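Enquirer: Contents are mmCIF, N, CA and C atoms; file name entry.cif:
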data_work
#
loop_
_atom_site.label_atom_id
_atom_site.label_comp_id
_atom_site.auth_asym_id
_atom_site.auth_seq_id
_atom_site.Cartn_x
_atom_site.Cartn_y
_atom_site.Cartn_z
N GLN V 110 -4.75 104.62 -154.80
CA GLN V 110 -5.62 105.70 -155.24
C GLN V 110 -5.29 106.96 -154.44
N PRO V 111 -4.83 108.01 -155.13
CA PRO V 111 -4.54 109.26 -154.41
C PRO V 111 -5.78 109.82 -153.74
N GLN V 112 -5.57 110.36 -152.56
CA GLN V 112 -6.66 110.98 -151.83
C GLN V 112 -6.33 112.42 -151.49
N LEU V 113 -7.33 113.27 -151.53
CA LEU V 113 -7.20 114.66 -151.16
C LEU V 113 -8.15 114.94 -150.00
N VAL V 114 -7.67 115.70 -149.04
CA VAL V 114 -8.49 116.02 -147.87
C VAL V 114 -8.51 117.53 -147.69
N GLU V 115 -9.70 118.12 -147.79
CA GLU V 115 -9.85 119.55 -147.58
C GLU V 115 -10.17 119.83 -146.11
N SER V 116 -9.77 121.01 -145.67
CA SER V 116 -10.10 121.46 -144.32
C SER V 116 -10.11 122.98 -144.30
N GLY V 117 -10.66 123.53 -143.23
CA GLY V 117 -10.63 124.97 -143.05
C GLY V 117 -11.96 125.67 -143.28
N GLY V 118 -12.95 124.95 -143.76
CA GLY V 118 -14.25 125.56 -143.96
C GLY V 118 -14.91 125.91 -142.63
N ALA V 119 -15.74 126.95 -142.64
CA ALA V 119 -16.38 127.42 -141.41
C ALA V 119 -17.49 128.40 -141.75
N LEU V 120 -18.18 128.81 -140.71
CA LEU V 120 -19.15 129.89 -140.80
C LEU V 120 -18.43 131.19 -140.47
N VAL V 121 -18.54 132.17 -141.35
CA VAL V 121 -17.83 133.44 -141.15
C VAL V 121 -18.74 134.57 -141.58
N GLN V 122 -18.53 135.74 -140.99
CA GLN V 122 -19.33 136.89 -141.36
C GLN V 122 -18.82 137.51 -142.66
N SER V 123 -19.70 138.20 -143.34
CA SER V 123 -19.33 138.91 -144.55
C SER V 123 -18.15 139.85 -144.26
N GLY V 124 -17.17 139.84 -145.15
CA GLY V 124 -15.97 140.64 -144.96
C GLY V 124 -14.84 139.90 -144.26
N GLY V 125 -15.14 138.73 -143.74
CA GLY V 125 -14.14 137.96 -143.03
C GLY V 125 -13.23 137.16 -143.95
N SER V 126 -12.35 136.38 -143.34
CA SER V 126 -11.36 135.61 -144.08
C SER V 126 -11.33 134.16 -143.61
N LEU V 127 -10.95 133.30 -144.51
CA LEU V 127 -10.71 131.89 -144.21
C LEU V 127 -9.54 131.41 -145.05
N ARG V 128 -8.85 130.40 -144.55
CA ARG V 128 -7.84 129.73 -145.36
C ARG V 128 -8.19 128.25 -145.44
N LEU V 129 -8.43 127.80 -146.63
CA LEU V 129 -8.70 126.39 -146.88
C LEU V 129 -7.39 125.66 -147.19
N SER V 130 -7.32 124.41 -146.77
CA SER V 130 -6.17 123.58 -147.05
C SER V 130 -6.61 122.33 -147.81
N CYS V 131 -5.73 121.87 -148.67
CA CYS V 131 -5.96 120.65 -149.44
C CYS V 131 -4.70 119.80 -149.26
N ALA V 132 -4.83 118.71 -148.54
CA ALA V 132 -3.68 117.87 -148.24
C ALA V 132 -3.74 116.57 -149.03
N ALA V 133 -2.59 116.17 -149.53
CA ALA V 133 -2.49 114.89 -150.24
C ALA V 133 -2.23 113.77 -149.25
N VAL V 134 -2.93 112.68 -149.42
CA VAL V 134 -2.75 111.51 -148.55
C VAL V 134 -2.33 110.34 -149.42
N GLY V 135 -1.14 109.81 -149.11
CA GLY V 135 -0.70 108.63 -149.83
C GLY V 135 0.04 108.91 -151.12
N PHE V 136 0.26 110.16 -151.43
CA PHE V 136 1.05 110.48 -152.63
C PHE V 136 1.62 111.88 -152.46
N THR V 137 2.55 112.25 -153.32
CA THR V 137 3.14 113.57 -153.26
C THR V 137 2.51 114.48 -154.32
N LEU V 138 2.32 115.73 -153.95
CA LEU V 138 1.68 116.67 -154.85
C LEU V 138 2.65 117.31 -155.86
N ASP V 139 3.92 116.99 -155.75
CA ASP V 139 4.95 117.69 -156.53
C ASP V 139 4.62 117.82 -158.01
N TYR V 140 4.06 116.79 -158.60
CA TYR V 140 3.87 116.77 -160.05
C TYR V 140 2.40 116.92 -160.44
N TYR V 141 1.62 117.46 -159.53
CA TYR V 141 0.20 117.58 -159.79
C TYR V 141 -0.25 119.05 -159.88
N VAL V 142 -1.08 119.30 -160.86
CA VAL V 142 -1.81 120.56 -160.96
C VAL V 142 -3.01 120.45 -160.03
N ILE V 143 -3.27 121.53 -159.29
CA ILE V 143 -4.35 121.53 -158.31
C ILE V 143 -5.37 122.61 -158.65
N GLY V 144 -6.62 122.24 -158.53
CA GLY V 144 -7.70 123.21 -158.72
C GLY V 144 -8.59 123.26 -157.50
N TRP V 145 -9.14 124.43 -157.25
CA TRP V 145 -10.18 124.60 -156.23
C TRP V 145 -11.49 124.89 -156.96
N PHE V 146 -12.52 124.19 -156.55
CA PHE V 146 -13.85 124.34 -157.13
C PHE V 146 -14.84 124.58 -156.01
N ARG V 147 -16.00 125.09 -156.35
CA ARG V 147 -17.06 125.25 -155.35
C ARG V 147 -18.41 124.96 -155.98
N GLN V 148 -19.31 124.52 -155.11
CA GLN V 148 -20.65 124.21 -155.57
C GLN V 148 -21.65 124.66 -154.52
N ALA V 149 -22.50 125.56 -154.94
CA ALA V 149 -23.59 126.03 -154.08
C ALA V 149 -24.83 125.19 -154.38
N PRO V 150 -25.76 125.10 -153.44
CA PRO V 150 -26.98 124.31 -153.66
C PRO V 150 -27.71 124.75 -154.91
N GLY V 151 -28.03 123.78 -155.76
CA GLY V 151 -28.77 124.07 -156.98
C GLY V 151 -27.97 124.67 -158.10
N LYS V 152 -26.65 124.75 -157.92
CA LYS V 152 -25.80 125.35 -158.96
C LYS V 152 -24.75 124.36 -159.44
N GLU V 153 -24.19 124.67 -160.61
CA GLU V 153 -23.12 123.85 -161.15
C GLU V 153 -21.84 124.06 -160.34
N ARG V 154 -20.99 123.02 -160.35
CA ARG V 154 -19.68 123.18 -159.72
C ARG V 154 -18.82 124.07 -160.60
N GLU V 155 -18.24 125.09 -160.02
CA GLU V 155 -17.45 126.05 -160.79
C GLU V 155 -16.00 126.08 -160.33
N GLY V 156 -15.13 126.34 -161.28
CA GLY V 156 -13.71 126.44 -160.96
C GLY V 156 -13.40 127.80 -160.37
N VAL V 157 -12.81 127.80 -159.20
CA VAL V 157 -12.50 129.04 -158.49
C VAL V 157 -11.07 129.48 -158.78
N SER V 158 -10.14 128.53 -158.70
CA SER V 158 -8.74 128.87 -158.88
C SER V 158 -7.96 127.61 -159.19
N CYS V 159 -6.78 127.77 -159.75
CA CYS V 159 -5.90 126.62 -159.99
C CYS V 159 -4.46 127.08 -159.91
N ILE V 160 -3.57 126.10 -159.74
CA ILE V 160 -2.14 126.40 -159.63
C ILE V 160 -1.36 125.29 -160.32
N SER V 161 -0.34 125.68 -161.06
CA SER V 161 0.48 124.70 -161.76
C SER V 161 1.31 123.89 -160.77
N SER V 162 1.92 122.83 -161.23
CA SER V 162 2.68 121.96 -160.34
C SER V 162 3.86 122.69 -159.70
N SER V 163 4.45 123.61 -160.43
CA SER V 163 5.59 124.37 -159.89
C SER V 163 5.15 125.52 -159.01
N GLY V 164 3.88 125.90 -159.13
CA GLY V 164 3.39 127.08 -158.42
C GLY V 164 3.62 128.37 -159.18
N GLY V 165 4.23 128.24 -160.36
CA GLY V 165 4.58 129.44 -161.12
C GLY V 165 3.44 130.05 -161.90
N TYR V 166 2.36 129.34 -162.04
CA TYR V 166 1.20 129.84 -162.78
C TYR V 166 -0.05 129.63 -161.97
N THR V 167 -0.85 130.67 -161.86
CA THR V 167 -2.13 130.57 -161.17
C THR V 167 -3.22 131.22 -162.01
N ASP V 168 -4.45 130.85 -161.73
CA ASP V 168 -5.59 131.42 -162.45
C ASP V 168 -6.76 131.52 -161.50
N TYR V 169 -7.60 132.54 -161.72
CA TYR V 169 -8.73 132.78 -160.83
C TYR V 169 -9.98 133.11 -161.63
N ALA V 170 -11.11 132.71 -161.07
CA ALA V 170 -12.37 133.15 -161.62
C ALA V 170 -12.52 134.66 -161.37
N GLY V 171 -13.20 135.33 -162.27
CA GLY V 171 -13.36 136.77 -162.13
C GLY V 171 -14.04 137.17 -160.83
N SER V 172 -14.93 136.31 -160.35
CA SER V 172 -15.69 136.63 -159.14
C SER V 172 -14.85 136.62 -157.87
N VAL V 173 -13.64 136.02 -157.94
CA VAL V 173 -12.79 135.95 -156.74
C VAL V 173 -11.46 136.65 -156.95
N GLU V 174 -11.17 137.08 -158.15
CA GLU V 174 -9.90 137.75 -158.45
C GLU V 174 -9.70 138.93 -157.51
N GLY V 175 -8.50 138.99 -156.92
CA GLY V 175 -8.19 140.07 -156.00
C GLY V 175 -8.61 139.81 -154.56
N ARG V 176 -9.43 138.79 -154.35
CA ARG V 176 -9.87 138.44 -152.98
C ARG V 176 -9.30 137.10 -152.52
N PHE V 177 -9.14 136.17 -153.44
CA PHE V 177 -8.64 134.83 -153.12
C PHE V 177 -7.21 134.68 -153.64
N THR V 178 -6.41 133.91 -152.91
CA THR V 178 -5.04 133.63 -153.32
C THR V 178 -4.76 132.14 -153.14
N ILE V 179 -4.32 131.51 -154.21
CA ILE V 179 -3.96 130.11 -154.14
C ILE V 179 -2.44 130.00 -154.00
N SER V 180 -1.99 129.03 -153.21
CA SER V 180 -0.56 128.80 -153.05
C SER V 180 -0.34 127.33 -152.73
N ARG V 181 0.90 126.92 -152.81
CA ARG V 181 1.19 125.51 -152.51
C ARG V 181 2.51 125.40 -151.77
N ASP V 182 2.60 124.39 -150.92
CA ASP V 182 3.81 124.05 -150.21
C ASP V 182 4.07 122.58 -150.52
N ASN V 183 4.86 122.33 -151.53
CA ASN V 183 5.09 120.95 -151.95
C ASN V 183 5.81 120.13 -150.87
N ALA V 184 6.58 120.79 -150.04
CA ALA V 184 7.26 120.07 -148.95
C ALA V 184 6.25 119.49 -147.97
N LYS V 185 5.09 120.14 -147.87
CA LYS V 185 4.03 119.67 -146.98
C LYS V 185 2.91 118.97 -147.75
N ASP V 186 3.08 118.86 -149.06
CA ASP V 186 2.04 118.23 -149.89
C ASP V 186 0.67 118.86 -149.63
N THR V 187 0.67 120.17 -149.60
CA THR V 187 -0.56 120.90 -149.27
C THR V 187 -0.70 122.12 -150.17
N VAL V 188 -1.93 122.36 -150.59
CA VAL V 188 -2.27 123.55 -151.36
C VAL V 188 -3.27 124.35 -150.53
N TYR V 189 -3.14 125.67 -150.57
CA TYR V 189 -3.99 126.55 -149.77
C TYR V 189 -4.82 127.46 -150.66
N LEU V 190 -5.95 127.85 -150.12
CA LEU V 190 -6.77 128.88 -150.75
C LEU V 190 -7.09 129.91 -149.67
N GLN V 191 -6.40 131.04 -149.73
CA GLN V 191 -6.65 132.14 -148.80
C GLN V 191 -7.81 132.97 -149.35
N MET V 192 -8.85 133.10 -148.57
CA MET V 192 -10.06 133.80 -149.01
C MET V 192 -10.28 135.01 -148.12
N ASN V 193 -10.21 136.19 -148.70
CA ASN V 193 -10.42 137.43 -147.97
C ASN V 193 -11.66 138.14 -148.49
N SER V 194 -12.14 139.10 -147.71
CA SER V 194 -13.31 139.90 -148.11
C SER V 194 -14.45 139.00 -148.57
N LEU V 195 -14.74 138.02 -147.77
CA LEU V 195 -15.76 137.04 -148.16
C LEU V 195 -17.15 137.67 -148.25
N LYS V 196 -17.92 137.16 -149.19
CA LYS V 196 -19.27 137.65 -149.45
C LYS V 196 -20.26 136.49 -149.29
N PRO V 197 -21.51 136.81 -149.01
CA PRO V 197 -22.52 135.73 -148.91
C PRO V 197 -22.56 134.84 -150.15
N GLU V 198 -22.30 135.40 -151.31
CA GLU V 198 -22.33 134.61 -152.54
C GLU V 198 -21.15 133.65 -152.66
N ASP V 199 -20.19 133.72 -151.74
CA ASP V 199 -19.10 132.74 -151.71
C ASP V 199 -19.51 131.48 -150.97
N THR V 200 -20.68 131.49 -150.37
CA THR V 200 -21.16 130.32 -149.66
C THR V 200 -21.30 129.13 -150.58
N ALA V 201 -20.63 128.03 -150.22
CA ALA V 201 -20.63 126.82 -151.07
C ALA V 201 -19.82 125.74 -150.38
N THR V 202 -19.88 124.55 -150.95
CA THR V 202 -18.94 123.51 -150.59
C THR V 202 -17.74 123.65 -151.52
N TYR V 203 -16.57 123.70 -150.93
CA TYR V 203 -15.34 123.89 -151.68
C TYR V 203 -14.59 122.56 -151.80
N TYR V 204 -14.18 122.26 -153.01
CA TYR V 204 -13.48 121.02 -153.31
C TYR V 204 -12.12 121.33 -153.92
N CYS V 205 -11.11 120.53 -153.58
CA CYS V 205 -9.87 120.59 -154.32
C CYS V 205 -9.78 119.34 -155.21
N ALA V 206 -9.03 119.49 -156.28
CA ALA V 206 -8.90 118.41 -157.25
C ALA V 206 -7.49 118.41 -157.81
N ALA V 207 -7.04 117.25 -158.29
CA ALA V 207 -5.67 117.12 -158.78
C ALA V 207 -5.64 116.38 -160.11
N VAL V 208 -4.67 116.78 -160.92
CA VAL V 208 -4.40 116.06 -162.16
C VAL V 208 -2.88 116.10 -162.38
N HIS V 209 -2.33 115.00 -162.86
CA HIS V 209 -0.89 114.95 -163.08
C HIS V 209 -0.49 115.95 -164.16
N GLU V 210 0.63 116.57 -163.98
CA GLU V 210 1.07 117.63 -164.90
C GLU V 210 1.24 117.14 -166.33
N LYS V 211 1.48 115.85 -166.53
CA LYS V 211 1.67 115.33 -167.88
C LYS V 211 0.38 115.41 -168.70
N SER V 212 -0.74 115.60 -168.01
CA SER V 212 -2.02 115.70 -168.70
C SER V 212 -2.40 117.14 -169.01
N THR V 213 -1.50 118.07 -168.70
CA THR V 213 -1.82 119.48 -168.90
C THR V 213 -0.72 120.16 -169.71
N VAL V 214 -0.98 121.38 -170.12
CA VAL V 214 0.03 122.19 -170.80
C VAL V 214 1.12 122.51 -169.77
N GLN V 215 2.38 122.42 -170.22
CA GLN V 215 3.51 122.57 -169.30
C GLN V 215 3.42 123.86 -168.51
N ASP V 216 3.54 123.71 -167.20
CA ASP V 216 3.58 124.82 -166.25
C ASP V 216 2.38 125.76 -166.37
N MET V 217 1.23 125.18 -166.63
CA MET V 217 0.00 125.96 -166.63
C MET V 217 -1.07 125.18 -165.87
N CYS V 218 -2.25 125.76 -165.73
CA CYS V 218 -3.36 125.07 -165.12
C CYS V 218 -4.64 125.58 -165.77
N ALA V 219 -5.72 124.91 -165.49
CA ALA V 219 -7.01 125.33 -166.02
C ALA V 219 -8.09 125.03 -165.00
N ARG V 220 -9.13 125.80 -165.01
CA ARG V 220 -10.24 125.62 -164.06
C ARG V 220 -11.37 124.80 -164.68
N THR V 221 -10.96 123.90 -165.55
CA THR V 221 -11.94 123.05 -166.23
C THR V 221 -12.18 121.80 -165.40
N ARG V 222 -13.39 121.62 -164.98
CA ARG V 222 -13.72 120.51 -164.07
C ARG V 222 -13.33 119.15 -164.65
N LEU V 223 -13.57 118.93 -165.93
CA LEU V 223 -13.36 117.62 -166.53
C LEU V 223 -11.88 117.26 -166.65
N LEU V 224 -11.00 118.24 -166.46
CA LEU V 224 -9.56 117.99 -166.55
C LEU V 224 -9.06 117.14 -165.40
N TYR V 225 -9.71 117.24 -164.24
CA TYR V 225 -9.16 116.71 -163.01
C TYR V 225 -9.58 115.27 -162.74
N ASP V 226 -8.62 114.49 -162.23
CA ASP V 226 -8.84 113.06 -162.01
C ASP V 226 -9.22 112.72 -160.57
N TYR V 227 -8.67 113.46 -159.62
CA TYR V 227 -8.86 113.12 -158.21
C TYR V 227 -9.51 114.28 -157.48
N TRP V 228 -10.45 113.94 -156.61
CA TRP V 228 -11.23 114.95 -155.91
C TRP V 228 -11.31 114.66 -154.42
N GLY V 229 -11.33 115.72 -153.63
CA GLY V 229 -11.57 115.58 -152.22
C GLY V 229 -13.06 115.53 -151.94
N GLN V 230 -13.41 115.40 -150.66
CA GLN V 230 -14.81 115.27 -150.24
C GLN V 230 -15.47 116.63 -150.02
N GLY V 231 -14.68 117.68 -149.95
CA GLY V 231 -15.25 119.01 -149.80
C GLY V 231 -15.26 119.53 -148.38
N THR V 232 -15.27 120.85 -148.27
CA THR V 232 -15.38 121.51 -146.98
C THR V 232 -16.36 122.68 -147.13
N GLN V 233 -17.24 122.85 -146.15
CA GLN V 233 -18.31 123.83 -146.26
C GLN V 233 -17.86 125.21 -145.81
N VAL V 234 -18.14 126.19 -146.66
CA VAL V 234 -17.90 127.59 -146.32
C VAL V 234 -19.25 128.30 -146.35
N THR V 235 -19.59 128.93 -145.25
CA THR V 235 -20.83 129.68 -145.15
C THR V 235 -20.52 131.10 -144.72
N VAL V 236 -20.96 132.06 -145.52
CA VAL V 236 -20.71 133.47 -145.23
C VAL V 236 -22.05 134.13 -144.90
N SER V 237 -22.16 134.63 -143.70
CA SER V 237 -23.40 135.27 -143.29
C SER V 237 -23.34 136.77 -143.58
N SER V 238 -24.50 137.33 -143.88
CA SER V 238 -24.54 138.76 -144.20
C SER V 238 -24.74 139.61 -142.95
#
Show me this structure written as structure tokens.
Expert:
Amino acid sequence: QPQLVESGGALVQSGGSLRLSCAAVGFTLDYYVIGWFRQAPGKEREGVSCISSSGGYTDYAGSVEGRFTISRDNAKDTVYLQMNSLKPEDTATYYCAAVHEKSTVQDMCARTRLLYDYWGQGTQVTVSS
């Protein structure tokens, strides 16, 4: 069973930056589409960003466009989410998720929660005002 491990969450002031990491354990990420999701208390889990298996296609939610950047290093089996200009409304538990590329449109990704098969346990991001 593939496992994903997120790290990098922390308490940060508004306007600050964090970089989240999503590491694959026991499998290689080469052929997997990766998504980052977040869930705030009392809210639905929402798709923040995703990246195709090649890294050639990315997508972002409008609320983070221009502030967050997703990237991947397949040699390290790790996907990153660089978060800049953080706002209190970014406070949430952040999850990464994976789905094999054969289950998606070639060299694309989607921020649809139901698409993804494997999920990490999450990392907490808290942005203070």
Enquirer: At what distance in Å, to one decimal, does CA of Leu120 in chain V lie from CA of Ala201 in chain V?
Expert: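 Between CA of Ala201 in chain V and CA of Leu120 in chain V the gap is 10.8 Å.
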Enquirer: Name all residues at most 9 Å from Asp226 in chain V (count only C-alpha atoms; drop same-chain ones fewer than 3 positions away) and give them as a PDB file with N, CA and C atoms, in the coordinates of the input.
Expert:
ATOM      1  N   ALA V 206      -9.030 119.490-156.280  1.00  0.00           N
ATOM      2  CA  ALA V 206      -8.900 118.410-157.250  1.00  0.00           C
ATOM      3  C   ALA V 206      -7.490 118.410-157.810  1.00  0.00           C
ATOM      4  N   ALA V 207      -7.040 117.250-158.290  1.00  0.00           N
ATOM      5  CA  ALA V 207      -5.670 117.120-158.780  1.00  0.00           C
ATOM      6  C   ALA V 207      -5.640 116.380-160.110  1.00  0.00           C
ATOM      7  N   VAL V 208      -4.670 116.780-160.920  1.00  0.00           N
ATOM      8  CA  VAL V 208      -4.400 116.060-162.160  1.00  0.00           C
ATOM      9  C   VAL V 208      -2.880 116.100-162.380  1.00  0.00           C
ATOM     10  N   HIS V 209      -2.330 115.000-162.860  1.00  0.00           N
ATOM     11  CA  HIS V 209      -0.890 114.950-163.080  1.00  0.00           C
ATOM     12  C   HIS V 209      -0.490 115.950-164.160  1.00  0.00           C
ATOM     13  N   LEU V 223     -13.570 118.930-165.930  1.00  0.00           N
ATOM     14  CA  LEU V 223     -13.360 117.620-166.530  1.00  0.00           C
ATOM     15  C   LEU V 223     -11.880 117.260-166.650  1.00  0.00           C
TER      16      LEU V 223
END
Enquirer: List every residue of chain V that DSSP, applied to the backbone of this structure, assigns to strand (DSSP E or B), and report them as a VMD selection string.
Expert: chain V and resid 112 to 116 120 to 122 127 to 134 141 to 148 155 to 160 167 to 169 177 to 182 187 to 192 201 to 209 227 to 228 232 to 237
Enquirer: Quick check, in Å to one decimal: how far apart do atom C of Val134 in chain V and atom C of Thr200 in chain V lie?
Expert: 26.7 Å
Enquirer: What does the distance between CA of Val157 in chain V and CA of Ser130 in chain V come to in Å, to one decimal place?
Expert: 14.2 Å
Enquirer: Listed atoms of range 152-162 of chain V, axis-aligned box, 5 Å per side: centre and edge lengths to one decimal in Å, as AutoDock Vina command-line options?
Expert:
--center_x -11.4 --center_y 125.7 --center_z -159.8 --size_x 40.5 --size_y 17.5 --size_z 13.8
Enquirer: Between V:Gly229, V:Gly164, V:Glu210, V:Met217, which residue has the minimum interatomic distance to Ile179 in chain V, considering only N, CA and C atoms?
Expert: V:Gly164
Enquirer: List the spatial neighbours of Ala133 in chain V as a list in words - criterion: any atom at most 5 Å away, only N, CA and C atoms, same-chain residues fewer than 5 positions off excluded.
Expert: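 Close residues of Ala133 in chain V: Gln112, Leu113 and Asp186 of chain V.
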Enquirer: Using all atoms listed in the file, give me every residue within 8 Å of (-8.6, 127.2, -162.6) in file coordinates, as number ranges by chain.
Expert: V: 143-146, 155-160, 167-170, 218-222
Enquirer: Between V:Ser161, V:Ser237, V:Gln230, V:Thr178, which one has atoms that come closest to Cys131 in chain V, using only C-alpha atoms?
Expert: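 Counting only C-alpha atoms, the residue closest to Cys131 in chain V is V:Gln230.
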Enquirer: Would you please give, as a list in words, all residues of chain V that DSSP assigns to helix (DSSP H, G or I) based on the backbone?
Expert: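 For chain V, the helix (DSSP H, G or I) set is Asn183, Ala184, Lys185, Pro197, Glu198, Asp199, Glu210, Lys211, Ser212, Arg222, Leu223 and Leu224 of chain V.
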